[in-house]
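Source file: model.json (JSON, C-alpha atoms)
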[["chain", "number", "residue", "atom", "x", "y", "z"],
["A", 1, "MET", "CA", 132.60, 103.31, 9.29],
["A", 2, "SER", "CA", 132.20, 102.15, 12.83],
["A", 3, "GLU", "CA", 128.70, 101.14, 13.78],
["A", 4, "GLY", "CA", 129.76, 100.33, 17.28],
["A", 5, "HIS", "CA", 129.66, 96.64, 16.60],
["A", 6, "ASP", "CA", 130.29, 94.40, 19.51],
["A", 7, "GLY", "CA", 131.54, 91.44, 17.54],
["A", 8, "GLU", "CA", 129.00, 89.21, 19.20],
["A", 9, "HIS", "CA", 125.83, 89.17, 17.19],
["A", 10, "VAL", "CA", 123.54, 87.17, 19.39],
["A", 11, "HIS", "CA", 121.23, 84.80, 17.58],
["A", 12, "PRO", "CA", 118.34, 82.97, 19.16],
["A", 13, "GLU", "CA", 120.07, 79.70, 18.35],
["A", 14, "SER", "CA", 123.06, 80.61, 20.53],
["A", 15, "GLY", "CA", 123.99, 77.87, 22.91],
["A", 16, "GLU", "CA", 122.65, 75.15, 20.65],
["A", 17, "GLU", "CA", 124.65, 73.05, 18.24],
["A", 18, "LEU", "CA", 124.74, 75.06, 15.01],
["A", 19, "SER", "CA", 124.71, 73.50, 11.57],
["A", 20, "VAL", "CA", 127.63, 74.10, 9.26],
["A", 21, "TYR", "CA", 125.44, 76.46, 7.22],
["A", 22, "ALA", "CA", 124.42, 78.51, 10.24],
["A", 23, "ARG", "CA", 128.05, 78.77, 11.33],
["A", 24, "ARG", "CA", 129.08, 79.77, 7.83],
["A", 25, "ALA", "CA", 126.36, 82.46, 7.70],
["A", 26, "GLN", "CA", 127.46, 83.83, 11.07],
["A", 27, "ALA", "CA", 131.10, 83.90, 10.00],
["A", 28, "ILE", "CA", 130.21, 85.74, 6.79],
["A", 29, "GLU", "CA", 128.05, 88.21, 8.70],
["A", 30, "ALA", "CA", 130.82, 88.87, 11.22],
["A", 31, "LEU", "CA", 133.29, 89.53, 8.38],
["A", 32, "MET", "CA", 130.87, 91.83, 6.55],
["A", 33, "VAL", "CA", 130.38, 93.85, 9.72],
["A", 34, "GLU", "CA", 134.10, 93.94, 10.42],
["A", 35, "LYS", "CA", 134.79, 95.21, 6.90],
["A", 36, "GLY", "CA", 132.12, 97.88, 7.23],
["A", 37, "VAL", "CA", 129.96, 96.47, 4.41],
["A", 38, "CYS", "CA", 126.92, 96.48, 6.67],
["A", 39, "SER", "CA", 126.07, 96.81, 10.33],
["A", 40, "THR", "CA", 124.42, 94.21, 12.53],
["A", 41, "SER", "CA", 121.39, 96.48, 12.85],
["A", 42, "GLU", "CA", 121.07, 96.59, 9.05],
["A", 43, "VAL", "CA", 121.17, 92.81, 8.93],
["A", 44, "ASP", "CA", 118.53, 92.62, 11.66],
["A", 45, "GLN", "CA", 116.35, 95.19, 9.91],
["A", 46, "MET", "CA", 116.50, 93.22, 6.68],
["A", 47, "MET", "CA", 115.73, 89.94, 8.46],
["A", 48, "ASN", "CA", 112.84, 91.52, 10.31],
["A", 49, "MET", "CA", 111.46, 93.01, 7.11],
["A", 50, "VAL", "CA", 111.56, 89.69, 5.26],
["A", 51, "GLU", "CA", 110.05, 87.86, 8.23],
["A", 52, "SER", "CA", 107.28, 90.44, 8.54],
["A", 53, "ARG", "CA", 106.21, 90.15, 4.91],
["A", 54, "SER", "CA", 104.05, 87.35, 3.61],
["A", 55, "PRO", "CA", 101.99, 86.49, 0.53],
["A", 56, "SER", "CA", 99.02, 88.25, 2.14],
["A", 57, "ASP", "CA", 100.89, 91.54, 1.55],
["A", 58, "GLY", "CA", 101.20, 90.73, -2.15],
["A", 59, "ALA", "CA", 97.54, 89.70, -2.21],
["A", 60, "LYS", "CA", 96.49, 93.13, -0.88],
["A", 61, "VAL", "CA", 98.53, 94.79, -3.62],
["A", 62, "VAL", "CA", 96.94, 92.61, -6.31],
["A", 63, "ALA", "CA", 93.42, 93.18, -4.98],
["A", 64, "HIS", "CA", 94.02, 96.93, -4.91],
["A", 65, "ALA", "CA", 95.29, 96.82, -8.51],
["A", 66, "TRP", "CA", 92.17, 94.89, -9.56],
["A", 67, "SER", "CA", 89.94, 97.46, -7.88],
["A", 68, "ASP", "CA", 91.71, 100.60, -9.07],
["A", 69, "PRO", "CA", 92.82, 100.65, -12.74],
["A", 70, "GLU", "CA", 94.84, 103.83, -12.27],
["A", 71, "PHE", "CA", 96.77, 102.28, -9.40],
["A", 72, "LYS", "CA", 97.32, 99.20, -11.56],
["A", 73, "ALA", "CA", 98.82, 101.35, -14.32],
["A", 74, "ARG", "CA", 101.17, 103.00, -11.82],
["A", 75, "LEU", "CA", 102.07, 99.63, -10.29],
["A", 76, "LEU", "CA", 103.07, 98.25, -13.68],
["A", 77, "ALA", "CA", 105.00, 101.38, -14.65],
["A", 78, "ASP", "CA", 106.82, 102.09, -11.38],
["A", 79, "PRO", "CA", 106.22, 99.42, -8.72],
["A", 80, "ARG", "CA", 108.38, 100.98, -6.03],
["A", 81, "SER", "CA", 106.56, 104.31, -5.91],
["A", 82, "ALA", "CA", 103.12, 102.73, -6.40],
["A", 83, "LEU", "CA", 103.75, 100.44, -3.44],
["A", 84, "THR", "CA", 104.84, 103.38, -1.30],
["A", 85, "GLU", "CA", 101.41, 104.94, -1.93],
["A", 86, "ILE", "CA", 99.73, 102.06, -0.14],
["A", 87, "GLY", "CA", 102.19, 101.76, 2.69],
["A", 88, "TYR", "CA", 104.74, 99.28, 1.38],
["A", 89, "SER", "CA", 108.08, 101.01, 1.22],
["A", 90, "LEU", "CA", 110.72, 98.71, -0.17],
["A", 91, "PRO", "CA", 114.18, 99.46, 1.24],
["A", 92, "ASP", "CA", 116.69, 100.84, -1.27],
["A", 93, "THR", "CA", 118.91, 97.87, -0.56],
["A", 94, "THR", "CA", 116.39, 95.41, -1.98],
["A", 95, "PRO", "CA", 116.50, 94.55, -5.69],
["A", 96, "HIS", "CA", 114.17, 96.30, -8.09],
["A", 97, "LEU", "CA", 110.69, 94.88, -8.38],
["A", 98, "ALA", "CA", 108.99, 94.41, -11.73],
["A", 99, "VAL", "CA", 105.29, 93.60, -11.98],
["A", 100, "VAL", "CA", 104.06, 91.61, -14.98],
["A", 101, "GLU", "CA", 100.38, 91.37, -15.81],
["A", 102, "ASN", "CA", 98.65, 88.21, -16.95],
["A", 103, "THR", "CA", 96.07, 88.78, -19.66],
["A", 104, "GLU", "CA", 93.82, 86.71, -21.87],
["A", 105, "GLN", "CA", 96.73, 86.45, -24.33],
["A", 106, "VAL", "CA", 99.81, 86.11, -22.10],
["A", 107, "HIS", "CA", 100.49, 84.14, -18.91],
["A", 108, "HIS", "CA", 103.68, 84.78, -16.94],
["A", 109, "MET", "CA", 105.47, 82.35, -14.65],
["A", 110, "VAL", "CA", 108.56, 83.19, -12.58],
["A", 111, "VAL", "CA", 111.63, 81.11, -11.75],
["A", 112, "CYS", "CA", 115.22, 81.71, -10.74],
["A", 113, "THR", "CA", 117.25, 78.99, -12.42],
["A", 114, "LEU", "CA", 120.53, 80.16, -10.88],
["A", 115, "CYS", "CA", 119.49, 80.34, -7.23],
["A", 116, "SER", "CA", 116.30, 81.46, -5.48],
["A", 117, "CYS", "CA", 115.69, 85.12, -6.42],
["A", 118, "TYR", "CA", 112.18, 86.06, -5.34],
["A", 119, "PRO", "CA", 110.36, 89.30, -4.45],
["A", 120, "ARG", "CA", 111.07, 88.76, -0.74],
["A", 121, "ALA", "CA", 110.64, 92.43, 0.10],
["A", 122, "LEU", "CA", 106.95, 92.05, -0.69],
["A", 123, "LEU", "CA", 106.12, 88.34, -0.37],
["A", 124, "GLY", "CA", 108.53, 87.24, 2.34],
["A", 125, "ARG", "CA", 110.43, 84.01, 1.94],
["A", 126, "PRO", "CA", 109.86, 81.77, -1.09],
["A", 127, "PRO", "CA", 108.29, 78.33, -0.66],
["A", 128, "ASP", "CA", 110.74, 75.43, -0.52],
["A", 129, "TRP", "CA", 109.58, 74.03, -3.84],
["A", 130, "TYR", "CA", 110.53, 77.31, -5.55],
["A", 131, "LYS", "CA", 114.14, 76.67, -4.51],
["A", 132, "SER", "CA", 114.16, 73.00, -5.50],
["A", 133, "PHE", "CA", 116.23, 71.77, -8.43],
["A", 134, "ALA", "CA", 113.11, 70.11, -9.82],
["A", 135, "TYR", "CA", 111.17, 73.36, -10.09],
["A", 136, "ARG", "CA", 114.14, 75.40, -11.26],
["A", 137, "SER", "CA", 114.86, 73.03, -14.13],
["A", 138, "ARG", "CA", 111.32, 72.07, -15.10],
["A", 139, "ALA", "CA", 109.92, 75.61, -14.99],
["A", 140, "VAL", "CA", 111.97, 76.59, -18.01],
["A", 141, "VAL", "CA", 111.76, 73.33, -19.95],
["A", 142, "ASP", "CA", 108.13, 72.40, -19.35],
["A", 143, "PRO", "CA", 106.23, 75.32, -17.79],
["A", 144, "ARG", "CA", 102.84, 74.04, -18.94],
["A", 145, "GLY", "CA", 103.53, 70.66, -17.35],
["A", 146, "VAL", "CA", 104.42, 72.37, -14.06],
["A", 147, "MET", "CA", 101.25, 74.49, -14.18],
["A", 148, "ARG", "CA", 99.18, 71.39, -14.87],
["A", 149, "GLU", "CA", 100.49, 69.92, -11.62],
["A", 150, "PHE", "CA", 99.30, 73.10, -9.85],
["A", 151, "GLY", "CA", 95.89, 72.59, -11.44],
["A", 152, "LEU", "CA", 96.13, 75.08, -14.29],
["A", 153, "GLU", "CA", 95.54, 73.92, -17.85],
["A", 154, "LEU", "CA", 96.13, 76.81, -20.27],
["A", 155, "ALA", "CA", 94.78, 76.88, -23.81],
["A", 156, "ASP", "CA", 97.35, 76.74, -26.59],
["A", 157, "SER", "CA", 96.16, 80.18, -27.68],
["A", 158, "VAL", "CA", 97.63, 81.67, -24.48],
["A", 159, "GLU", "CA", 101.32, 82.55, -24.82],
["A", 160, "VAL", "CA", 103.34, 81.35, -21.84],
["A", 161, "GLN", "CA", 106.20, 83.66, -20.89],
["A", 162, "VAL", "CA", 108.58, 82.22, -18.31],
["A", 163, "LEU", "CA", 110.68, 84.88, -16.58],
["A", 164, "ASP", "CA", 114.07, 83.71, -15.36],
["A", 165, "SER", "CA", 115.11, 86.27, -12.72],
["A", 166, "THR", "CA", 118.82, 85.91, -13.32],
["A", 167, "ALA", "CA", 119.96, 89.40, -12.39],
["A", 168, "ASP", "CA", 118.80, 92.53, -10.55],
["A", 169, "LEU", "CA", 115.03, 92.37, -11.01],
["A", 170, "ARG", "CA", 112.49, 90.45, -8.96],
["A", 171, "TYR", "CA", 109.20, 89.61, -10.59],
["A", 172, "LEU", "CA", 105.69, 89.71, -9.19],
["A", 173, "VAL", "CA", 102.92, 88.28, -11.35],
["A", 174, "LEU", "CA", 99.68, 90.27, -11.38],
["A", 175, "PRO", "CA", 97.13, 87.50, -12.01],
["A", 176, "ARG", "CA", 93.91, 87.96, -13.98],
["A", 177, "ARG", "CA", 90.91, 88.92, -11.92],
["A", 178, "PRO", "CA", 88.55, 85.92, -11.97],
["A", 179, "ALA", "CA", 85.17, 86.27, -13.64],
["A", 180, "GLY", "CA", 82.17, 86.74, -11.39],
["A", 181, "THR", "CA", 84.04, 88.71, -8.73],
["A", 182, "GLU", "CA", 82.68, 92.13, -9.68],
["A", 183, "ASN", "CA", 80.76, 92.52, -6.44],
["A", 184, "LEU", "CA", 83.53, 91.47, -4.07],
["A", 185, "SER", "CA", 85.23, 93.96, -1.79],
["A", 186, "GLU", "CA", 88.97, 94.50, -1.95],
["A", 187, "ALA", "CA", 89.42, 92.45, 1.23],
["A", 188, "GLU", "CA", 87.37, 89.60, -0.25],
["A", 189, "LEU", "CA", 89.35, 89.78, -3.49],
["A", 190, "ALA", "CA", 92.65, 89.58, -1.58],
["A", 191, "LYS", "CA", 91.56, 86.22, -0.13],
["A", 192, "LEU", "CA", 91.47, 84.78, -3.66],
["A", 193, "VAL", "CA", 95.11, 85.68, -4.35],
["A", 194, "SER", "CA", 97.48, 82.92, -3.32],
["A", 195, "ARG", "CA", 101.25, 83.00, -3.21],
["A", 196, "ASP", "CA", 101.35, 80.49, -6.07],
["A", 197, "CYS", "CA", 99.37, 82.67, -8.45],
["A", 198, "MET", "CA", 101.75, 85.59, -7.80],
["A", 199, "ILE", "CA", 104.57, 83.25, -8.94],
["A", 200, "GLY", "CA", 102.38, 82.38, -11.91],
["A", 201, "VAL", "CA", 102.23, 78.61, -11.49],
["A", 202, "THR", "CA", 98.47, 78.82, -11.17],
["A", 203, "ASP", "CA", 95.53, 81.25, -11.34],
["A", 204, "PRO", "CA", 93.39, 82.62, -8.50],
["A", 205, "HIS", "CA", 90.88, 80.08, -7.32],
["A", 206, "VAL", "CA", 87.33, 81.18, -6.58],
["A", 207, "PRO", "CA", 85.66, 78.91, -4.02],
["A", 208, "GLU", "CA", 82.14, 77.81, -4.85],
["A", 209, "GLY", "CA", 79.49, 80.21, -3.71],
["A", 210, "VAL", "CA", 81.84, 83.22, -3.69],
["A", 211, "ALA", "CA", 81.49, 84.32, -7.30],
["A", 212, "ALA", "CA", 78.28, 85.84, -8.58],
["A", 213, "SER", "CA", 76.84, 83.89, -11.46],
["B", 1, "MET", "CA", 128.87, 109.05, -17.44],
["B", 2, "ALA", "CA", 125.86, 107.72, -19.27],
["B", 3, "GLN", "CA", 126.93, 105.66, -22.23],
["B", 4, "SER", "CA", 124.48, 104.99, -25.01],
["B", 5, "ASN", "CA", 122.66, 101.70, -25.15],
["B", 6, "LYS", "CA", 124.22, 99.26, -27.54],
["B", 7, "TYR", "CA", 120.82, 97.65, -28.23],
["B", 8, "GLN", "CA", 117.28, 98.89, -28.53],
["B", 9, "THR", "CA", 113.98, 97.14, -27.96],
["B", 10, "GLY", "CA", 113.30, 94.87, -30.94],
["B", 11, "ASP", "CA", 116.97, 94.20, -31.73],
["B", 12, "GLN", "CA", 118.06, 90.61, -32.30],
["B", 13, "VAL", "CA", 120.92, 89.52, -30.07],
["B", 14, "LYS", "CA", 122.95, 86.38, -29.55],
["B", 15, "VAL", "CA", 124.12, 85.33, -26.10],
["B", 16, "ARG", "CA", 127.84, 84.73, -25.76],
["B", 17, "VAL", "CA", 129.15, 81.31, -24.83],
["B", 18, "ASP", "CA", 131.56, 81.53, -21.96],
["B", 19, "SER", "CA", 132.29, 80.06, -18.55],
["B", 20, "PRO", "CA", 134.45, 82.58, -16.71],
["B", 21, "SER", "CA", 135.68, 81.59, -13.27],
["B", 22, "HIS", "CA", 133.86, 84.48, -11.58],
["B", 23, "HIS", "CA", 130.23, 84.97, -10.50],
["B", 24, "TYR", "CA", 128.39, 85.36, -13.79],
["B", 25, "ARG", "CA", 124.58, 85.44, -14.08],
["B", 26, "THR", "CA", 124.06, 84.12, -17.61],
["B", 27, "PRO", "CA", 122.63, 80.60, -17.41],
["B", 28, "THR", "CA", 124.33, 77.97, -19.54],
["B", 29, "TYR", "CA", 121.07, 76.89, -21.19],
["B", 30, "ILE", "CA", 120.63, 80.28, -22.84],
["B", 31, "GLN", "CA", 124.22, 80.73, -24.01],
["B", 32, "GLY", "CA", 124.60, 80.63, -27.80],
["B", 33, "LYS", "CA", 120.86, 81.28, -28.30],
["B", 34, "THR", "CA", 119.39, 84.11, -30.34],
["B", 35, "GLY", "CA", 116.60, 86.27, -28.95],
["B", 36, "VAL", "CA", 114.99, 89.69, -29.13],
["B", 37, "VAL", "CA", 115.43, 92.58, -26.70],
["B", 38, "VAL", "CA", 112.02, 93.27, -25.15],
["B", 39, "ALA", "CA", 113.00, 95.70, -22.37],
["B", 40, "ILE", "CA", 115.92, 97.77, -21.18],
["B", 41, "CYS", "CA", 116.02, 97.31, -17.42],
["B", 42, "GLY", "CA", 118.57, 99.91, -16.36],
["B", 43, "ARG", "CA", 122.18, 99.89, -15.23],
["B", 44, "TYR", "CA", 123.39, 97.81, -12.34],
["B", 45, "ARG", "CA", 126.67, 97.10, -10.69],
["B", 46, "ASN", "CA", 128.37, 94.14, -12.31],
["B", 47, "PRO", "CA", 127.86, 90.93, -10.27],
["B", 48, "GLU", "CA", 131.01, 89.50, -11.81],
["B", 49, "SER", "CA", 132.95, 92.07, -9.82],
["B", 50, "LEU", "CA", 130.59, 92.40, -6.82],
["B", 51, "GLY", "CA", 130.71, 88.66, -6.21],
["B", 52, "HIS", "CA", 134.44, 88.83, -5.59],
["B", 53, "GLY", "CA", 134.81, 91.85, -3.37],
["B", 54, "GLY", "CA", 134.93, 94.38, -6.23],
["B", 55, "ASP", "CA", 132.91, 97.56, -6.47],
["B", 56, "GLY", "CA", 130.86, 96.38, -9.45],
["B", 57, "MET", "CA", 131.89, 99.37, -11.52],
["B", 58, "PRO", "CA", 131.41, 100.26, -14.27],
["B", 59, "GLU", "CA", 127.70, 99.55, -14.11],
["B", 60, "GLN", "CA", 126.37, 97.27, -16.82],
["B", 61, "LEU", "CA", 123.22, 97.76, -18.80],
["B", 62, "LEU", "CA", 120.69, 94.99, -18.23],
["B", 63, "TYR", "CA", 118.34, 93.82, -20.98],
["B", 64, "ARG", "CA", 115.30, 91.56, -20.86],
["B", 65, "VAL", "CA", 115.69, 89.22, -23.80],
["B", 66, "SER", "CA", 112.90, 87.03, -25.15],
["B", 67, "PHE", "CA", 113.65, 83.65, -26.72],
["B", 68, "ALA", "CA", 111.25, 81.31, -28.52],
["B", 69, "GLN", "CA", 111.01, 78.22, -26.31],
["B", 70, "ASN", "CA", 111.29, 75.92, -29.32],
["B", 71, "SER", "CA", 114.59, 77.58, -30.28],
["B", 72, "VAL", "CA", 115.97, 76.92, -26.80],
["B", 73, "TRP", "CA", 114.80, 73.32, -26.30],
["B", 74, "ASP", "CA", 114.77, 70.82, -29.18],
["B", 75, "ARG", "CA", 111.82, 68.95, -27.76],
["B", 76, "TYR", "CA", 109.76, 71.78, -26.28],
["B", 77, "ARG", "CA", 106.21, 70.47, -25.97],
["B", 78, "GLY", "CA", 104.19, 73.70, -25.85],
["B", 79, "PRO", "CA", 102.89, 75.90, -28.68],
["B", 80, "SER", "CA", 105.41, 77.73, -30.88],
["B", 81, "GLY", "CA", 104.43, 81.11, -29.40],
["B", 82, "ASP", "CA", 105.74, 80.28, -25.91],
["B", 83, "LYS", "CA", 108.72, 82.32, -24.74],
["B", 84, "ILE", "CA", 111.41, 82.35, -22.13],
["B", 85, "LEU", "CA", 112.55, 85.77, -20.93],
["B", 86, "VAL", "CA", 115.99, 86.13, -19.38],
["B", 87, "ASP", "CA", 117.69, 89.22, -17.91],
["B", 88, "ILE", "CA", 121.14, 89.50, -19.49],
["B", 89, "TYR", "CA", 123.90, 92.12, -19.14],
["B", 90, "GLU", "CA", 125.10, 93.92, -22.25],
["B", 91, "HIS", "CA", 128.60, 92.46, -22.26],
["B", 92, "TRP", "CA", 127.09, 88.98, -22.69],
["B", 93, "LEU", "CA", 125.26, 89.94, -25.90],
["B", 94, "ASP", "CA", 126.42, 90.13, -29.51],
["B", 95, "PRO", "CA", 124.51, 91.74, -32.37],
["B", 96, "VAL", "CA", 122.83, 89.52, -34.96],
["B", 97, "GLY", "CA", 122.57, 90.17, -38.69],
["B", 98, "VAL", "CA", 124.62, 93.35, -38.86]]
Here is the file; what I need is its structure written in the form of structure tokens.
Amino acid sequence: MSEGHDGEHVHPESGEELSVYARRAQAIEALMVEKGVCSTSEVDQMMNMVESRSPSDGAKVVAHAWSDPEFKARLLADPRSALTEIGYSLPDTTPHLAVVENTEQVHHMVVCTLCSCYPRALLGRPPDWYKSFAYRSRAVVDPRGVMREFGLELADSVEVQVLDSTADLRYLVLPRRPAGTENLSEAELAKLVSRDCMIGVTDPHVPEGVAAS
Amino acid sequence: MAQSNKYQTGDQVKVRVDSPSHHYRTPTYIQGKTGVVVAICGRYRNPESLGHGGDGMPEQLLYRVSFAQNSVWDRYRGPSGDKILVDIYEHWLDPVGV
């Protein structure tokens, strides 16, 4: 399976002193290409896709789900095809996405205790704190304490479900639509949806003056 | 060939305790704990083979298993309804009460 590789995958850092991790990554990439596991263009495509995605993409998806209940139902049932409808095609090589909905009764929060699994194909790269040992250990042991630090105090009547993405699924939290936002447009709604509330460590925040009383 | 699922939604399962030398995806904190299958997530190539140059075959069935937080941590501080959900491959699960 020759992809016409030239053995010299040029990175922007070339010519500078590379860290041991960067050198290791380059060595692994070169071996993967040599063994025909992937081509350099596939690696570049994947890097470009991750770099081009950001939490604002997830926010648009959430705002659309809030505005269109039928889309929301499709998003929860089959995220990949629902996302394709609105122009987000996730490559087949990316792990399956699962969308979990926060309700009055249940609040979801996502962690990867084993490494840093995250819905990168939609949200881009995870924040550094998501990859920290502190978050990865405390999220499972004391999720309510972690949420408190993000400014969210949940009532005891709400069931907290922590999702540990240990395997082949990546989780996106669909937060609850805040009260008083009935008159907002989809674009205005998307501005309320932060990266952190799609991880589930907090809820959407409505700035003063935005919500109708 | 599609094999039948060993477990169905609602079944009680116990996570095996093991520390194989290969790339397994079952966190230590959940090993030995008993939970309930809440979703069947499909079949995936086995990371324990994929992580070491293998082809990951045969595919393994992946389950989402829900555990009561206060059965996982002795000193869990939240309400008794709180849960932790972990994705676990079939070969890491044993039946309970059968």
With the cut-off set at 10 Å and counting all atoms listed in the file, tabulate each residue of chain A with an atom at most that distance from an atom of chain B, showing the nearest atom pair and its distance in Å to one decimal, ordered by chain and increasing number, as a Markdown table.
| residue | atom | partner | partner_atom | distance |
| --- | --- | --- | --- | --- |
| A:His96 | CA | B:Cys41 | CA | 9.6 |
| A:Ala98 | CA | B:Cys41 | CA | 9.5 |
| A:Val106 | CA | B:Asp82 | CA | 9.1 |
| A:His107 | CA | B:Asp82 | CA | 9.6 |
| A:His108 | CA | B:Lys83 | CA | 9.6 |
| A:Met109 | CA | B:Ile84 | CA | 9.6 |
| A:Val110 | CA | B:Leu85 | CA | 9.6 |
| A:Cys112 | CA | B:Val86 | CA | 9.7 |
| A:Thr113 | CA | B:Pro27 | CA | 7.5 |
| A:Leu114 | CA | B:Pro27 | CA | 6.9 |
| A:Cys115 | CA | B:Arg25 | CA | 9.9 |
| A:Ala139 | CA | B:Ile84 | CA | 9.9 |
| A:Val140 | CA | B:Ile84 | CA | 7.1 |
| A:Val141 | CA | B:Tyr76 | CA | 6.8 |
| A:Asp142 | CA | B:Tyr76 | CA | 7.1 |
| A:Pro143 | CA | B:Gly78 | CA | 8.5 |
| A:Arg144 | CA | B:Gly78 | CA | 7.0 |
| A:Gly145 | CA | B:Arg77 | CA | 9.0 |
| A:Ala155 | CA | B:Pro79 | CA | 9.5 |
| A:Asp156 | CA | B:Pro79 | CA | 6.0 |
| A:Ser157 | CA | B:Pro79 | CA | 8.0 |
| A:Val158 | CA | B:Asp82 | CA | 8.4 |
| A:Glu159 | CA | B:Asp82 | CA | 5.1 |
| A:Val160 | CA | B:Asp82 | CA | 4.8 |
| A:Gln161 | CA | B:Lys83 | CA | 4.8 |
| A:Val162 | CA | B:Ile84 | CA | 4.8 |
| A:Leu163 | CA | B:Leu85 | CA | 4.8 |
| A:Asp164 | CA | B:Val86 | CA | 5.1 |
| A:Ser165 | CA | B:Asp87 | CA | 6.5 |
| A:Thr166 | CA | B:Asp87 | CA | 5.8 |
| A:Ala167 | CA | B:Asp87 | CA | 6.0 |
| A:Asp168 | CA | B:Tyr44 | CA | 7.2 |
| A:Leu169 | CA | B:Asp87 | CA | 8.0 |
As a check of understanding: the span from CA of Val15 in chain B to CA of Lys33 in chain B is 5.6 Å
The residue from A:Ala65, A:Met147, A:Ala134, A:Val210 with the smallest atom-to-atom distance to Arg177 in chain A, counting all atoms listed in the file, is A:Ala65
With distances taken over all atoms listed in the file, the candidate from B:His22, B:Lys14, B:His91, B:His52 nearest Val37 in chain B is B:Lys14
Considering all atoms listed in the file, can you say which of A:Val193, A:Val173, A:Leu97, A:Val20 comes closest to Arg80 in chain A?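 The closest residue to Arg80 in chain A is A:Leu97.
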